[in-house]
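Here is the structure we will look at.
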Amino acid sequence: MRPVVRGACLGIVALLATSSLGDAAQSTAPSVPLPATGNVTVARFTVKTAAKTSSIPKLTLASRGGLRPDAYVVATVNRTPRPSLFGVTVAIVQPSDAPLSTQPSTKGQPVTVRLPAGFSLTGPPQIAPDVVYANRTPPFGLAPSGPGQLLAGTSPPKLPLEQVVKDAQLLALDRSVPLADMALLGLPFVAVQFEKPRSTSPQVAFVVSLLGQVDAVEIRFPAGLKVTGVGAPDGTDGMVLGSAARIVASSGFFGEGIVYSFRLTLSRAPKAGEFATVRASTHYFESSLPFTERFALS
């Protein structure tokens, strides 16, 4: 009888061990590296559950890592066509009042996201670090909007959580964000929007946010596409420089939060997949601020 009892005990131990391993797998938590100060990191991953549920999973943080006191973490969770799968997008925002895009990502422990009981990752997260300025195009596209969740910090009071995550994704994908949003996010930036960008006479608008004493902004198009005319807005002067247009403040500096709108004339319409780059200067381009922005012209 003893061998039978011993075998039964071993079977129970093995069963408990298997159950424990399953619970550990379900609580697997993705880690997301920190962005640089004044920048944003975006993470995308999918979670699954074996149980039937109509509830959106609630995320929390297992660890704040090295987050600055003024930083915040926001996520959205959306359903997929498969009821057992949910798409998650996490945005980590580290505000600043100065562009620091030339610095590497903040040193310190990453943020760790805790999944609720019964949920597990379907694969490693896709990470897009430091997306505020020119960045490598991420492997994911714009996710459908889902319910927003604040995981850490205090989000901007005038922006819904869903909009914070959408703006972060737009930055990662080199798309224009609403002109007012960058200041609300607490990020230094020149927000640019192109109306009818695939035409020979696009309307352009820009807003300077949290960048004091900017007196010149340059918009450069791909080589072979020439700027042939610029209608400068009131209080500014326009310059045509081959494939680029510069808008220069006639006196002083561009005002924070003021929309400057003008029309360009181009030698041809931009093609799908082409980008415009934007630079800003505090000394009429005798020197320029340490960042370059990129915007998709499609």
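Labels for the structure tokens follow display order: chains A, B, ..., residues from 1 in each chain, ligands from 1.
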Write out as CSV a residue-level contact list of range 122-227 of chain A versus range 31-34 of chain A with cut-off 12 Å: for each qualifying residue the closest pair of atoms and the distance in Å to one decimal, counting only C-alpha atoms, rows sorted by chain and residue number upward.
```
residue,atom,partner,partner_atom,distance
A:Pro124,CA,A:Ser31,CA,9.4
A:Pro125,CA,A:Val32,CA,8.1
A:Gln126,CA,A:Val32,CA,9.3
A:Ile127,CA,A:Val32,CA,7.3
A:Ala128,CA,A:Pro33,CA,9.5
A:Pro129,CA,A:Pro33,CA,7.5
A:Asp130,CA,A:Leu34,CA,8.6
A:Val131,CA,A:Leu34,CA,11.7
```
Put those residues in a file: C-alpha atoms, as a PDB file, in the first residue's frame.
```pdb
ATOM      1  CA  PRO A 124       6.274  39.872 -25.907  1.00  0.00           C
ATOM      2  CA  PRO A 125       5.215  43.548 -26.039  1.00  0.00           C
ATOM      3  CA  GLN A 126       6.112  45.701 -29.051  1.00  0.00           C
ATOM      4  CA  ILE A 127       7.942  48.807 -27.846  1.00  0.00           C
ATOM      5  CA  ALA A 128       8.326  52.222 -29.507  1.00  0.00           C
ATOM      6  CA  PRO A 129      10.680  54.305 -27.310  1.00  0.00           C
ATOM      7  CA  ASP A 130      11.102  58.096 -27.342  1.00  0.00           C
ATOM      8  CA  VAL A 131       8.518  58.873 -30.028  1.00  0.00           C
TER       9      VAL A 131
END
```
From a backbone DSSP assignment, name each residue in range 56-294 of chain A labelled alpha helix (DSSP H), as a PyMOL selection string. chain A and resi 161-172+181-185
If we count only C-alpha atoms, what is near Gly257 in chain A at a cut-off of 12 Å, once residues fewer than 4 positions away on the same chain are taken out, given as a list in words?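 Counting only the stated atoms, we get Pro178, Leu179, Ala180, Asp181, Met182, Ala183, Leu184, Pro188, Phe189, Val190, Ala191, Ala205, Phe206, Val207, Val208, Ser209, Leu210, Leu211 and Gly212 of chain A.
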Under the rule of at most 12 Å, produce a per-residue listing of range 131-212 of chain A near range 110-122 of chain A: chain, number, name, the closest pair of atoms, and the distance in Å, as a Markdown table, using only C-alpha atoms.
```
| residue | atom | partner | partner_atom | distance |
| --- | --- | --- | --- | --- |
| A:Leu150 | CA | A:Val113 | CA | 11.8 |
| A:Leu151 | CA | A:Val113 | CA | 8.5 |
| A:Ala152 | CA | A:Val111 | CA | 9.9 |
```
Pull the strand (DSSP E or B) assignments for range 80-244 of chain A out of DSSP run on the backbone, and list those residues as a ChimeraX atom specification. /A:85-94,111-114,119-121,126-128,148-152,189-195,203-209,216-220,227-231,236-241,244
Please produce an output containing C-alpha atoms for each residue in the selection, written as a compact mmCIF listing (two decimals), in the first residue's frame.
```txt
# COMPACT_ATOMS: atom_id res chain seq x y z
CA LEU A 85 -8.29 38.41 -26.67
CA PHE A 86 -7.82 42.08 -25.75
CA GLY A 87 -5.46 44.62 -27.30
CA VAL A 88 -3.56 46.84 -24.87
CA THR A 89 -1.70 50.08 -25.58
CA VAL A 90 0.38 51.70 -22.83
CA ALA A 91 1.80 55.23 -23.00
CA ILE A 92 4.47 56.44 -20.55
CA VAL A 93 4.85 60.24 -20.52
CA GLN A 94 7.74 62.01 -18.81
CA VAL A 111 7.66 50.20 -15.58
CA THR A 112 6.08 46.78 -15.00
CA VAL A 113 2.41 46.28 -15.84
CA ARG A 114 0.44 43.77 -13.77
CA PHE A 119 -5.08 36.86 -18.05
CA SER A 120 -1.72 36.25 -19.71
CA LEU A 121 0.37 37.65 -22.54
CA GLN A 126 6.11 45.70 -29.05
CA ILE A 127 7.94 48.81 -27.85
CA ALA A 128 8.33 52.22 -29.51
CA GLY A 148 -8.76 54.49 -20.78
CA GLN A 149 -7.05 53.50 -17.55
CA LEU A 150 -4.71 55.67 -15.45
CA LEU A 151 -1.97 53.40 -14.11
CA ALA A 152 0.30 55.98 -12.45
CA PHE A 189 7.19 70.44 -29.41
CA VAL A 190 6.34 72.24 -32.62
CA ALA A 191 2.95 70.76 -33.50
CA VAL A 192 2.37 70.85 -37.27
CA GLN A 193 -0.74 69.96 -39.26
CA PHE A 194 -1.02 69.64 -43.04
CA GLU A 195 -4.40 70.15 -44.67
CA GLN A 203 -2.34 74.55 -46.00
CA VAL A 204 0.03 74.30 -43.05
CA ALA A 205 -0.46 75.30 -39.42
CA PHE A 206 1.92 75.08 -36.49
CA VAL A 207 1.93 75.83 -32.77
CA VAL A 208 4.98 76.17 -30.54
CA SER A 209 4.49 74.47 -27.17
CA ALA A 216 12.23 80.48 -36.84
CA VAL A 217 10.63 77.22 -37.97
CA GLU A 218 11.71 75.24 -41.03
CA ILE A 219 9.64 72.67 -42.93
CA ARG A 220 11.70 70.56 -45.32
CA VAL A 227 8.98 74.81 -52.51
CA THR A 228 8.08 77.52 -55.03
CA GLY A 229 6.05 79.84 -52.83
CA VAL A 230 5.12 80.55 -49.23
CA GLY A 231 2.38 82.82 -47.92
CA THR A 236 6.19 86.67 -39.90
CA ASP A 237 8.38 86.50 -42.99
CA GLY A 238 8.53 83.54 -45.36
CA MET A 239 11.68 82.21 -47.03
CA VAL A 240 11.98 79.66 -49.85
CA LEU A 241 15.12 77.50 -49.63
CA ALA A 244 12.38 73.87 -47.58
```
Interatomic distance between CA of Asn78 in chain A and CA of Ile56 in chain A? 7.6 Å
Atom pair CA of Arg44 in chain A / CA of Thr80 in chain A: separation (Å): 13.6 Å
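Interatomic distance, CA of Ala51 in chain A to CA of Gly123 in chain A: 18.6 Å.
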Would you pick out the contacts of Arg268 in chain A at 10 Å or less, using only C-alpha atoms, so that residues sharing its chain but fewer than 4 positions from it are not included, and give the list as a PDB file with C-alpha atoms, in the first residue's frame?
```
ATOM      1  CA  ARG A 198      -1.005  65.315 -51.045  1.00  0.00           C
ATOM      2  CA  SER A 199      -1.546  68.477 -53.107  1.00  0.00           C
ATOM      3  CA  THR A 200       0.693  71.117 -54.663  1.00  0.00           C
ATOM      4  CA  SER A 201      -0.717  73.823 -52.366  1.00  0.00           C
ATOM      5  CA  GLY A 224      13.343  66.595 -55.667  1.00  0.00           C
ATOM      6  CA  LEU A 225      10.255  68.333 -54.296  1.00  0.00           C
ATOM      7  CA  LYS A 226      10.755  72.092 -54.436  1.00  0.00           C
ATOM      8  CA  VAL A 227       8.983  74.810 -52.506  1.00  0.00           C
ATOM      9  CA  THR A 228       8.082  77.518 -55.028  1.00  0.00           C
TER      10      THR A 228
END
```
